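Visitor: One file: run-v8.txt (compact mmCIF, C-alpha atoms (C1' of nucleotides)).
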```txt
# COMPACT_ATOMS: atom_id res chain seq x y z
CA MET A 1 34.61 8.92 -17.85
CA THR A 2 36.44 5.79 -16.80
CA ASP A 3 35.17 2.26 -16.58
CA THR A 4 35.12 2.38 -12.81
CA VAL A 5 32.85 5.39 -12.82
CA HIS A 6 30.51 3.62 -15.18
CA SER A 7 30.40 0.55 -13.03
CA GLN A 8 29.85 2.54 -9.87
CA ILE A 9 26.81 4.10 -11.46
CA ALA A 10 25.63 0.71 -12.67
CA ASP A 11 26.08 -0.62 -9.19
CA GLU A 12 23.94 2.11 -7.71
CA HIS A 13 21.22 1.19 -10.15
CA ARG A 14 21.51 -2.41 -9.15
CA GLU A 15 21.33 -1.67 -5.45
CA LEU A 16 18.33 0.56 -5.90
CA LEU A 17 16.51 -2.01 -7.97
CA ASP A 18 17.43 -4.67 -5.44
CA GLN A 19 15.68 -2.65 -2.80
CA ILE A 20 12.51 -2.35 -4.79
CA LEU A 21 12.51 -5.64 -6.63
CA ASP A 22 12.61 -7.85 -3.57
CA LYS A 23 10.67 -11.04 -3.41
CA TRP A 24 7.25 -9.51 -2.75
CA SER A 25 7.38 -5.80 -3.36
CA LEU A 26 6.29 -5.95 -6.98
CA LEU A 27 3.17 -7.84 -5.99
CA VAL A 28 2.51 -5.43 -3.16
CA LEU A 29 3.02 -2.38 -5.34
CA ASP A 30 0.77 -3.88 -7.97
CA LYS A 31 -2.05 -4.23 -5.46
CA LEU A 32 -1.52 -0.81 -3.94
CA CYS A 33 -1.46 0.85 -7.34
CA GLU A 34 -4.98 -0.40 -7.73
CA SER A 35 -6.24 0.94 -4.43
CA PRO A 36 -5.11 1.39 -0.81
CA ARG A 37 -5.15 -1.75 1.29
CA ARG A 38 -4.88 -2.78 4.87
CA PHE A 39 -2.29 -5.16 6.21
CA ASN A 40 -4.45 -8.23 6.37
CA GLU A 41 -6.06 -7.48 3.06
CA LEU A 42 -2.65 -7.73 1.47
CA ARG A 43 -1.94 -10.95 3.34
CA ARG A 44 -5.13 -12.46 2.00
CA GLU A 45 -4.42 -11.32 -1.53
CA ILE A 46 -0.87 -12.63 -1.47
CA PRO A 47 -1.33 -15.87 0.48
CA ALA A 48 2.22 -17.10 -0.08
CA VAL A 49 3.78 -14.22 1.83
CA SER A 50 4.44 -14.64 5.53
CA GLN A 51 3.46 -11.93 7.95
CA LYS A 52 7.07 -11.17 8.72
CA SER A 53 8.06 -10.84 5.09
CA LEU A 54 5.09 -8.66 4.31
CA THR A 55 5.98 -6.39 7.22
CA ALA A 56 9.58 -6.18 6.03
CA SER A 57 8.54 -5.51 2.46
CA LEU A 58 6.13 -2.77 3.47
CA ARG A 59 8.76 -1.14 5.67
CA ARG A 60 11.29 -1.16 2.91
CA LEU A 61 8.85 0.25 0.40
CA GLU A 62 7.90 2.94 2.88
CA ARG A 63 11.52 3.77 3.58
CA ASN A 64 12.22 4.08 -0.11
CA GLY A 65 9.27 6.40 -0.48
CA MET A 66 7.22 4.10 -2.66
CA ILE A 67 4.23 3.82 -0.33
CA ARG A 68 2.70 5.67 2.60
CA ARG A 69 1.51 4.21 5.85
CA ASP A 70 -1.54 5.92 7.32
CA VAL A 71 -2.68 5.17 10.84
CA VAL A 72 -6.43 5.57 11.15
CA ASN A 73 -7.35 6.12 14.77
CA THR A 74 -10.35 3.93 15.21
CA ARG A 75 -10.97 1.08 17.63
CA PRO A 76 -9.37 -1.23 16.86
CA LEU A 77 -6.95 0.87 14.92
CA ALA A 78 -6.64 0.42 11.20
CA ILE A 79 -3.62 0.97 8.98
CA ARG A 80 -3.96 2.04 5.38
CA TYR A 81 -1.12 1.47 2.98
CA GLU A 82 -1.32 3.54 -0.14
CA ILE A 83 0.86 4.18 -3.12
CA SER A 84 2.88 7.40 -3.09
CA PRO A 85 3.37 9.68 -6.09
CA LEU A 86 6.88 8.28 -6.42
CA GLY A 87 5.59 4.74 -6.25
CA HIS A 88 2.98 5.58 -8.81
CA THR A 89 5.70 6.40 -11.34
CA LEU A 90 6.52 2.72 -11.28
CA GLN A 91 3.06 1.55 -12.24
CA ASP A 92 3.61 1.47 -15.98
CA LEU A 93 6.87 -0.35 -15.49
CA ILE A 94 5.29 -2.93 -13.25
CA ASP A 95 2.43 -3.45 -15.66
CA ALA A 96 4.94 -3.87 -18.46
CA LEU A 97 6.86 -6.44 -16.44
CA PHE A 98 3.76 -8.48 -15.72
CA ASP A 99 2.69 -8.20 -19.33
CA TRP A 100 6.09 -9.48 -20.36
CA THR A 101 5.88 -12.50 -18.09
CA SER A 102 2.39 -13.27 -19.33
CA ALA A 103 3.49 -13.04 -22.92
CA HIS A 104 6.69 -15.05 -22.60
CA MET A 105 6.04 -17.48 -19.77
CA ASP A 106 5.53 -20.43 -22.11
CA GLU A 107 8.56 -19.57 -24.16
CA VAL A 108 10.73 -19.48 -21.06
CA ALA A 109 9.31 -22.76 -19.81
CA ALA A 110 10.05 -24.40 -23.16
CA SER A 111 13.59 -23.08 -23.10
CA ARG A 112 14.07 -24.46 -19.60
CA ASP A 113 12.83 -27.89 -20.62
CA HIS A 114 15.11 -27.89 -23.62
CA PHE A 115 18.10 -26.81 -21.57
CA ASP A 116 17.46 -29.39 -18.87
CA ALA A 117 17.09 -32.12 -21.47
CA GLU A 118 20.39 -31.28 -23.12
CA ASN A 119 22.45 -30.82 -20.00
CA ASP A 120 23.05 -34.17 -18.38
CA PRO A 121 19.73 -35.48 -17.08
CA ARG A 122 21.93 -38.10 -15.45
CA MET B 1 -12.06 -17.12 -11.01
CA THR B 2 -11.25 -17.47 -7.38
CA ASP B 3 -8.68 -15.65 -5.32
CA THR B 4 -6.44 -18.68 -5.18
CA VAL B 5 -6.29 -18.93 -8.94
CA HIS B 6 -5.36 -15.28 -9.15
CA SER B 7 -2.63 -15.67 -6.60
CA GLN B 8 -1.24 -18.75 -8.27
CA ILE B 9 -0.86 -16.79 -11.46
CA ALA B 10 0.69 -13.91 -9.59
CA ASP B 11 3.07 -16.33 -7.97
CA GLU B 12 4.16 -17.70 -11.32
CA HIS B 13 4.92 -14.16 -12.42
CA ARG B 14 6.93 -13.61 -9.30
CA GLU B 15 8.95 -16.76 -9.72
CA LEU B 16 9.67 -16.00 -13.33
CA LEU B 17 10.78 -12.49 -12.53
CA ASP B 18 12.87 -13.82 -9.68
CA GLN B 19 14.72 -15.97 -12.17
CA ILE B 20 15.46 -13.10 -14.46
CA LEU B 21 15.83 -10.27 -12.03
CA ASP B 22 18.52 -11.84 -9.93
CA LYS B 23 21.34 -9.81 -8.53
CA TRP B 24 23.37 -9.43 -11.70
CA SER B 25 21.29 -10.53 -14.67
CA LEU B 26 19.94 -7.09 -15.47
CA LEU B 27 23.44 -5.71 -15.73
CA VAL B 28 24.54 -8.67 -17.83
CA LEU B 29 21.56 -8.41 -20.13
CA ASP B 30 22.14 -4.70 -20.48
CA LYS B 31 25.69 -5.30 -21.68
CA LEU B 32 24.74 -8.16 -23.98
CA CYS B 33 21.93 -6.16 -25.57
CA GLU B 34 24.61 -3.76 -26.68
CA SER B 35 26.85 -6.38 -28.22
CA PRO B 36 28.08 -9.94 -27.60
CA ARG B 37 30.75 -10.30 -24.93
CA ARG B 38 33.16 -12.83 -23.63
CA PHE B 39 33.28 -14.05 -20.09
CA ASN B 40 36.16 -11.94 -18.89
CA GLU B 41 34.90 -8.90 -20.72
CA LEU B 42 31.77 -9.08 -18.65
CA ARG B 43 33.81 -9.54 -15.49
CA ARG B 44 35.79 -6.43 -16.29
CA GLU B 45 32.70 -4.41 -17.06
CA ILE B 46 30.93 -5.51 -13.89
CA PRO B 47 33.81 -5.54 -11.43
CA ALA B 48 31.64 -6.18 -8.38
CA VAL B 49 30.51 -9.57 -9.60
CA SER B 50 32.47 -12.65 -8.59
CA GLN B 51 33.41 -15.28 -11.10
CA LYS B 52 31.06 -17.78 -9.52
CA SER B 53 28.11 -15.44 -9.50
CA LEU B 54 28.69 -14.41 -13.07
CA THR B 55 28.84 -18.04 -14.13
CA ALA B 56 25.64 -18.78 -12.28
CA SER B 57 23.89 -15.77 -13.72
CA LEU B 58 24.93 -16.63 -17.27
CA ARG B 59 23.82 -20.23 -16.81
CA ARG B 60 20.45 -19.15 -15.52
CA LEU B 61 19.96 -16.66 -18.31
CA GLU B 62 20.92 -19.31 -20.82
CA ARG B 63 18.54 -21.82 -19.28
CA ASN B 64 15.72 -19.34 -19.41
CA GLY B 65 16.46 -18.67 -23.04
CA MET B 66 17.53 -15.07 -22.59
CA ILE B 67 21.03 -15.48 -23.95
CA ARG B 68 23.03 -17.89 -26.11
CA ARG B 69 26.44 -19.33 -25.40
CA ASP B 70 28.62 -19.85 -28.46
CA VAL B 71 31.84 -21.80 -28.25
CA VAL B 72 34.39 -20.54 -30.73
CA ASN B 73 36.97 -23.23 -31.37
CA THR B 74 40.22 -21.34 -31.34
CA ARG B 75 43.30 -21.79 -29.22
CA PRO B 76 42.76 -20.95 -26.48
CA LEU B 77 39.05 -21.36 -26.90
CA ALA B 78 36.78 -18.36 -26.73
CA ILE B 79 33.19 -18.17 -25.58
CA ARG B 80 30.76 -15.62 -26.93
CA TYR B 81 27.65 -14.76 -25.00
CA GLU B 82 25.00 -13.04 -27.01
CA ILE B 83 21.46 -11.92 -26.48
CA SER B 84 18.72 -14.15 -27.85
CA PRO B 85 15.55 -12.94 -29.61
CA LEU B 86 13.64 -13.66 -26.42
CA GLY B 87 16.16 -11.76 -24.34
CA HIS B 88 15.98 -8.92 -26.78
CA THR B 89 12.28 -8.46 -26.01
CA LEU B 90 13.40 -7.35 -22.57
CA GLN B 91 15.64 -4.57 -23.77
CA ASP B 92 13.06 -1.81 -23.69
CA LEU B 93 11.99 -2.90 -20.24
CA ILE B 94 15.53 -2.91 -18.96
CA ASP B 95 16.21 0.48 -20.44
CA ALA B 96 13.03 1.75 -18.82
CA LEU B 97 14.12 0.36 -15.46
CA PHE B 98 17.52 2.00 -15.64
CA ASP B 99 15.93 5.24 -16.79
CA TRP B 100 13.63 5.07 -13.81
CA THR B 101 16.47 4.60 -11.35
CA SER B 102 18.40 7.44 -12.94
CA ALA B 103 15.43 9.72 -12.74
CA HIS B 104 14.39 8.88 -9.18
CA MET B 105 17.59 7.90 -7.43
CA ASP B 106 17.86 11.21 -5.58
CA GLU B 107 14.22 11.15 -4.59
CA VAL B 108 14.61 7.69 -3.12
CA ALA B 109 17.77 8.66 -1.27
CA ALA B 110 16.00 11.67 0.22
CA SER B 111 13.09 9.51 1.29
CA ARG B 112 15.47 7.10 2.96
CA ASP B 113 17.22 9.86 4.86
CA HIS B 114 13.91 11.25 6.01
CA PHE B 115 12.67 7.85 7.10
CA ASP B 116 15.86 7.05 8.99
CA ALA B 117 15.80 10.40 10.73
CA GLU B 118 12.24 9.92 11.93
CA ASN B 119 12.56 6.33 13.03
CA ASP B 120 14.72 6.14 16.11
CA PRO B 121 18.29 6.95 15.12
CA ARG B 122 19.09 5.69 18.61
C1' DC C 1 40.83 -18.05 -21.28
C1' DG C 2 36.66 -19.81 -19.10
C1' DG C 3 35.37 -21.85 -15.95
C1' DG C 4 34.59 -26.09 -11.89
C1' DA C 5 34.93 -27.56 -6.89
C1' DT C 6 34.95 -26.31 -2.03
C1' DC C 7 34.36 -23.92 1.94
C1' DC C 8 32.19 -20.47 4.44
C1' DT C 9 29.08 -16.59 5.78
C1' DG C 10 25.18 -13.61 5.98
C1' DC C 11 20.77 -12.72 5.38
C1' DA C 12 16.21 -13.55 3.40
C1' DC C 13 12.43 -15.98 4.57
C1' DG C 14 9.27 -18.97 7.11
C1' DA C 15 7.12 -20.87 11.56
C1' DT C 16 5.61 -19.97 15.88
C1' DA C 17 4.34 -17.47 19.89
C1' DC C 18 3.01 -13.28 21.99
C1' DT C 19 1.20 -8.15 22.37
C1' DG C 20 -1.17 -3.24 22.48
C1' DC D 1 -6.15 -5.72 13.73
C1' DA D 2 -1.37 -5.02 12.98
C1' DG D 3 2.16 -5.99 14.19
C1' DT D 4 7.02 -7.48 17.41
C1' DA D 5 10.16 -11.14 19.17
C1' DT D 6 12.63 -15.30 18.67
C1' DC D 7 14.29 -19.23 16.54
C1' DG D 8 15.72 -22.04 12.75
C1' DT D 9 16.95 -22.91 7.76
C1' DG D 10 18.34 -22.64 3.02
C1' DC D 11 20.66 -20.81 -0.30
C1' DA D 12 22.68 -16.91 -2.71
C1' DG D 13 26.92 -15.21 -3.12
C1' DG D 14 32.04 -14.22 -2.01
C1' DA D 15 36.91 -16.18 -1.40
C1' DT D 16 40.09 -19.38 -2.69
C1' DC D 17 42.26 -23.05 -5.21
C1' DC D 18 42.50 -25.77 -9.28
C1' DC D 19 42.07 -27.35 -14.25
C1' DG D 20 41.97 -28.19 -19.60
```
Show the structure stored in the file as structure tokens.
Guide:
Amino acid sequence: MTDTVHSQIADEHRELLDQILDKWSLLVLDKLCESPRRFNELRREIPAVSQKSLTASLRRLERNGMIRRDVVNTRPLAIRYEISPLGHTLQDLIDALFDWTSAHMDEVAASRDHFDAENDPR
Amino acid sequence: MTDTVHSQIADEHRELLDQILDKWSLLVLDKLCESPRRFNELRREIPAVSQKSLTASLRRLERNGMIRRDVVNTRPLAIRYEISPLGHTLQDLIDALFDWTSAHMDEVAASRDHFDAENDPR
DNA sequence: CGGGATCCTGCACGATACTG
DNA sequence: CAGTATCGTGCAGGATCCCG
């Protein structure tokens, strides 16, 4: 196998992860792994996300098969977003990522302070 | 604890992950976990990355304490980038992420095709 | 060799207003 | 309630040129 083949594969990985690891999707997936939610429930639980971005994130996750969008025909109509089996395979990974940030947040912050202090605070 | 406290914490996680999971850092970290590299070695191994983006990614990783930058005083001078102990704690996670993409790439692609076929290919 | 400095572009994201 | 439509912005990221 040549280097270019390797890097093509690596690039596919990157693109795929880019799709899933967008600004909000991890938070959304985390919530949906817990239990199905409705649109405005997610908005309330992730206050920093705009309605447009949440819509986009949900669409992308749905397109990639990570979540399912169920239309419940009531009045007014309700929409349930729920994790898919494929999305569920990410749960452990997501938990591990959040655990990692919890465990190393301070360490990273300290490193940042140190770096900023050394590199021209001019 | 209130909702806002929860979401603030979640937001810190998101920001931290955003720092680390930028477009190229996972690929860079993956290489550096294997062995130290020099700047142009990384460029060659990740052909899609531009020089500017690689520089930025390395700087960010260094600032966050994930990698170390060693200046070797030869002529011409050489720079060794190597994984730090903190960065090393991410290795298993990164491996797991790449394993996940390898395992589910086809599934995701199929889901995408299905989604695109259903939603107005007009 | 390992970058820095500039210029430029797209697109991610937010704000706001409106709708079935 | 769950969006769509439109507008505006920043900033990530590529292209190019230059430097010790």
Visitor: Can you write out as JSON lines which residues of chain C fall within 9 Å of chain D, alongside each residue's closest atom pair and its distance in Å to one decimal, counting all atoms listed in the file and ordering rows by chain and ascending residue number?
Guide:
```
{"residue": "C:DG3", "atom": "C1'", "partner": "D:DC19", "partner_atom": "C1'", "distance": 8.8}
{"residue": "C:DG4", "atom": "C1'", "partner": "D:DC19", "partner_atom": "C1'", "distance": 7.9}
{"residue": "C:DA5", "atom": "C1'", "partner": "D:DC18", "partner_atom": "C1'", "distance": 8.1}
{"residue": "C:DT6", "atom": "C1'", "partner": "D:DC17", "partner_atom": "C1'", "distance": 8.6}
{"residue": "C:DC7", "atom": "C1'", "partner": "D:DT16", "partner_atom": "C1'", "distance": 8.7}
{"residue": "C:DC8", "atom": "C1'", "partner": "D:DA15", "partner_atom": "C1'", "distance": 8.6}
{"residue": "C:DT9", "atom": "C1'", "partner": "D:DG14", "partner_atom": "C1'", "distance": 8.7}
{"residue": "C:DC13", "atom": "C1'", "partner": "D:DT9", "partner_atom": "C1'", "distance": 8.9}
{"residue": "C:DG14", "atom": "C1'", "partner": "D:DT9", "partner_atom": "C1'", "distance": 8.7}
{"residue": "C:DA15", "atom": "C1'", "partner": "D:DG8", "partner_atom": "C1'", "distance": 8.8}
{"residue": "C:DT16", "atom": "C1'", "partner": "D:DC7", "partner_atom": "C1'", "distance": 8.7}
{"residue": "C:DA17", "atom": "C1'", "partner": "D:DA5", "partner_atom": "C1'", "distance": 8.6}
{"residue": "C:DC18", "atom": "C1'", "partner": "D:DA5", "partner_atom": "C1'", "distance": 8.0}
{"residue": "C:DT19", "atom": "C1'", "partner": "D:DT4", "partner_atom": "C1'", "distance": 7.7}
```
Visitor: Residues of chain A near chain C: apply a cut-off of 9 Å, count all atoms listed in the file, and supply the list as a PyMOL selection string.
Guide: chain A and resi 49-50+52-53
Visitor: Taking all atoms listed in the file into account, report as a PDB file with C-alpha atoms, in the frame of the given file which residues of chain B lie within 12 Å of chain D.
Guide:
```pdb
ATOM      1  CA  ASP B  22      18.520 -11.840  -9.930  1.00  0.00           C
ATOM      2  CA  LYS B  23      21.340  -9.810  -8.530  1.00  0.00           C
ATOM      3  CA  TRP B  24      23.370  -9.430 -11.700  1.00  0.00           C
ATOM      4  CA  ALA B  48      31.640  -6.180  -8.380  1.00  0.00           C
ATOM      5  CA  VAL B  49      30.510  -9.570  -9.600  1.00  0.00           C
ATOM      6  CA  SER B  50      32.470 -12.650  -8.590  1.00  0.00           C
ATOM      7  CA  GLN B  51      33.410 -15.280 -11.100  1.00  0.00           C
ATOM      8  CA  LYS B  52      31.060 -17.780  -9.520  1.00  0.00           C
ATOM      9  CA  SER B  53      28.110 -15.440  -9.500  1.00  0.00           C
ATOM     10  CA  LEU B  54      28.690 -14.410 -13.070  1.00  0.00           C
ATOM     11  CA  THR B  55      28.840 -18.040 -14.130  1.00  0.00           C
ATOM     12  CA  ALA B  56      25.640 -18.780 -12.280  1.00  0.00           C
ATOM     13  CA  SER B  57      23.890 -15.770 -13.720  1.00  0.00           C
ATOM     14  CA  ARG B  75      43.300 -21.790 -29.220  1.00  0.00           C
ATOM     15  CA  PRO B  76      42.760 -20.950 -26.480  1.00  0.00           C
ATOM     16  CA  LEU B  77      39.050 -21.360 -26.900  1.00  0.00           C
TER      17      LEU B  77
END
```
Visitor: Residues of chain A within 7 Å of chain B, counting all atoms listed in the file - could you list those as JSON, numbers by chain?
Guide: {"A": [7, 13, 45, 46, 63, 64, 65, 98, 101, 108, 111, 112, 115]}
Visitor: Could you do a least-squares fit of chain A on chain B over every C-alpha atom, in sequence order, and give the output as an mmCIF file with C-alpha atoms, in the frame of the given file?
Guide:
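Saved file result.cif follows:
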```cif
data_model
loop_
_atom_site.group_PDB
_atom_site.id
_atom_site.type_symbol
_atom_site.label_atom_id
_atom_site.label_comp_id
_atom_site.auth_asym_id
_atom_site.auth_seq_id
_atom_site.Cartn_x
_atom_site.Cartn_y
_atom_site.Cartn_z
ATOM 1 C CA MET A 1 -11.983 -17.136 -11.164
ATOM 2 C CA THR A 2 -11.189 -17.495 -7.491
ATOM 3 C CA ASP A 3 -8.651 -15.653 -5.422
ATOM 4 C CA THR A 4 -6.407 -18.680 -5.252
ATOM 5 C CA VAL A 5 -6.230 -18.904 -9.012
ATOM 6 C CA HIS A 6 -5.306 -15.258 -9.187
ATOM 7 C CA SER A 7 -2.584 -15.656 -6.639
ATOM 8 C CA GLN A 8 -1.200 -18.746 -8.306
ATOM 9 C CA ILE A 9 -0.818 -16.774 -11.495
ATOM 10 C CA ALA A 10 0.740 -13.891 -9.595
ATOM 11 C CA ASP A 11 3.117 -16.312 -7.993
ATOM 12 C CA GLU A 12 4.226 -17.664 -11.335
ATOM 13 C CA HIS A 13 4.980 -14.136 -12.422
ATOM 14 C CA ARG A 14 6.978 -13.578 -9.301
ATOM 15 C CA GLU A 15 8.993 -16.747 -9.709
ATOM 16 C CA LEU A 16 9.736 -15.976 -13.318
ATOM 17 C CA LEU A 17 10.842 -12.462 -12.523
ATOM 18 C CA ASP A 18 12.924 -13.789 -9.654
ATOM 19 C CA GLN A 19 14.782 -15.945 -12.105
ATOM 20 C CA ILE A 20 15.567 -13.077 -14.399
ATOM 21 C CA LEU A 21 15.916 -10.258 -11.921
ATOM 22 C CA ASP A 22 18.664 -11.827 -9.860
ATOM 23 C CA LYS A 23 21.463 -9.779 -8.468
ATOM 24 C CA TRP A 24 23.462 -9.417 -11.684
ATOM 25 C CA SER A 25 21.369 -10.517 -14.610
ATOM 26 C CA LEU A 26 19.988 -7.091 -15.427
ATOM 27 C CA LEU A 27 23.497 -5.715 -15.713
ATOM 28 C CA VAL A 28 24.572 -8.667 -17.807
ATOM 29 C CA LEU A 29 21.575 -8.414 -20.103
ATOM 30 C CA ASP A 30 22.158 -4.705 -20.461
ATOM 31 C CA LYS A 31 25.699 -5.306 -21.675
ATOM 32 C CA LEU A 32 24.747 -8.160 -23.964
ATOM 33 C CA CYS A 33 21.932 -6.164 -25.517
ATOM 34 C CA GLU A 34 24.596 -3.777 -26.660
ATOM 35 C CA SER A 35 26.825 -6.395 -28.224
ATOM 36 C CA PRO A 36 28.047 -9.963 -27.622
ATOM 37 C CA ARG A 37 30.722 -10.323 -24.980
ATOM 38 C CA ARG A 38 33.147 -12.868 -23.717
ATOM 39 C CA PHE A 39 33.277 -14.104 -20.164
ATOM 40 C CA ASN A 40 36.170 -12.008 -18.999
ATOM 41 C CA GLU A 41 34.924 -8.968 -20.820
ATOM 42 C CA LEU A 42 31.807 -9.113 -18.702
ATOM 43 C CA ARG A 43 33.880 -9.590 -15.565
ATOM 44 C CA ARG A 44 35.868 -6.486 -16.377
ATOM 45 C CA GLU A 45 32.772 -4.462 -17.137
ATOM 46 C CA ILE A 46 31.021 -5.546 -13.962
ATOM 47 C CA PRO A 47 33.930 -5.559 -11.502
ATOM 48 C CA ALA A 48 31.772 -6.182 -8.440
ATOM 49 C CA VAL A 49 30.606 -9.581 -9.651
ATOM 50 C CA SER A 50 32.574 -12.646 -8.631
ATOM 51 C CA GLN A 51 33.482 -15.253 -11.188
ATOM 52 C CA LYS A 52 31.203 -17.781 -9.571
ATOM 53 C CA SER A 53 28.218 -15.468 -9.525
ATOM 54 C CA LEU A 54 28.765 -14.426 -13.103
ATOM 55 C CA THR A 55 28.916 -18.072 -14.151
ATOM 56 C CA ALA A 56 25.710 -18.810 -12.255
ATOM 57 C CA SER A 57 23.963 -15.783 -13.691
ATOM 58 C CA LEU A 58 24.965 -16.645 -17.239
ATOM 59 C CA ARG A 59 23.813 -20.235 -16.790
ATOM 60 C CA ARG A 60 20.478 -19.153 -15.475
ATOM 61 C CA LEU A 61 19.974 -16.654 -18.257
ATOM 62 C CA GLU A 62 20.907 -19.313 -20.775
ATOM 63 C CA ARG A 63 18.548 -21.819 -19.214
ATOM 64 C CA ASN A 64 15.729 -19.321 -19.330
ATOM 65 C CA GLY A 65 16.448 -18.673 -22.975
ATOM 66 C CA MET A 66 17.521 -15.081 -22.541
ATOM 67 C CA ILE A 67 21.037 -15.492 -23.926
ATOM 68 C CA ARG A 68 22.998 -17.907 -26.088
ATOM 69 C CA ARG A 69 26.388 -19.363 -25.383
ATOM 70 C CA ASP A 70 28.547 -19.884 -28.457
ATOM 71 C CA VAL A 71 31.752 -21.870 -28.267
ATOM 72 C CA VAL A 72 34.261 -20.617 -30.808
ATOM 73 C CA ASN A 73 36.805 -23.315 -31.514
ATOM 74 C CA THR A 74 40.036 -21.432 -31.531
ATOM 75 C CA ARG A 75 43.162 -21.909 -29.442
ATOM 76 C CA PRO A 76 42.654 -21.055 -26.703
ATOM 77 C CA LEU A 77 38.948 -21.450 -27.078
ATOM 78 C CA ALA A 78 36.707 -18.442 -26.825
ATOM 79 C CA ILE A 79 33.118 -18.242 -25.629
ATOM 80 C CA ARG A 80 30.710 -15.667 -26.967
ATOM 81 C CA TYR A 81 27.628 -14.783 -24.999
ATOM 82 C CA GLU A 82 24.973 -13.064 -27.013
ATOM 83 C CA ILE A 83 21.448 -11.924 -26.450
ATOM 84 C CA SER A 84 18.697 -14.171 -27.804
ATOM 85 C CA PRO A 85 15.561 -12.940 -29.562
ATOM 86 C CA LEU A 86 13.643 -13.659 -26.370
ATOM 87 C CA GLY A 87 16.169 -11.764 -24.308
ATOM 88 C CA HIS A 88 16.000 -8.914 -26.742
ATOM 89 C CA THR A 89 12.306 -8.446 -25.964
ATOM 90 C CA LEU A 90 13.422 -7.342 -22.535
ATOM 91 C CA GLN A 91 15.668 -4.560 -23.751
ATOM 92 C CA ASP A 92 13.091 -1.795 -23.650
ATOM 93 C CA LEU A 93 12.017 -2.882 -20.209
ATOM 94 C CA ILE A 94 15.555 -2.901 -18.924
ATOM 95 C CA ASP A 95 16.244 0.501 -20.411
ATOM 96 C CA ALA A 96 13.075 1.788 -18.792
ATOM 97 C CA LEU A 97 14.145 0.387 -15.436
ATOM 98 C CA PHE A 98 17.544 2.030 -15.611
ATOM 99 C CA ASP A 99 15.966 5.262 -16.758
ATOM 100 C CA TRP A 100 13.647 5.100 -13.782
ATOM 101 C CA THR A 101 16.485 4.631 -11.323
ATOM 102 C CA SER A 102 18.407 7.484 -12.897
ATOM 103 C CA ALA A 103 15.416 9.758 -12.703
ATOM 104 C CA HIS A 104 14.364 8.910 -9.159
ATOM 105 C CA MET A 105 17.571 7.948 -7.390
ATOM 106 C CA ASP A 106 17.809 11.251 -5.528
ATOM 107 C CA GLU A 107 14.179 11.183 -4.559
ATOM 108 C CA VAL A 108 14.554 7.716 -3.088
ATOM 109 C CA ALA A 109 17.701 8.703 -1.227
ATOM 110 C CA ALA A 110 15.921 11.715 0.261
ATOM 111 C CA SER A 111 13.014 9.553 1.334
ATOM 112 C CA ARG A 112 15.406 7.123 2.996
ATOM 113 C CA ASP A 113 17.136 9.897 4.906
ATOM 114 C CA HIS A 114 13.815 11.273 6.037
ATOM 115 C CA PHE A 115 12.576 7.869 7.128
ATOM 116 C CA ASP A 116 15.764 7.067 9.012
ATOM 117 C CA ALA A 117 15.656 10.425 10.762
ATOM 118 C CA GLU A 118 12.095 9.927 11.941
ATOM 119 C CA ASN A 119 12.392 6.340 13.052
ATOM 120 C CA ASP A 120 14.445 6.165 16.208
ATOM 121 C CA PRO A 121 18.018 7.143 15.365
ATOM 122 C CA ARG A 122 18.688 5.949 18.899
#
```
Visitor: Within 10 Å of (-3.0, -1.7, -6.0) in the file's own coordinates, which protein, DNA or RNA residues have an atom, counting all atoms listed in the file? List them as a ChimeraX atom specification.
Guide: /A:27-37,42,81-83,88,91
Visitor: Just the number, please: distance in Å from atom CA of Asp95 of chain A to atom CA of Glu41 of chain A, one decimal.
Guide: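 Between atom CA of Asp95 of chain A and atom CA of Glu41 of chain A the gap is 20.9 Å.
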Visitor: How many Å separate atom CA of Asn40 of chain B from atom CA of Val72 of chain B?
Guide: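 Atom CA of Val72 of chain B lies 14.7 Å from atom CA of Asn40 of chain B.
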Visitor: Please report the interatomic distance between atom CA of Ala103 of chain B and atom CA of Ala117 of chain B in Å with one decimal.
Guide: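 Separating atom CA of Ala103 of chain B from atom CA of Ala117 of chain B is a distance of 23.5 Å.
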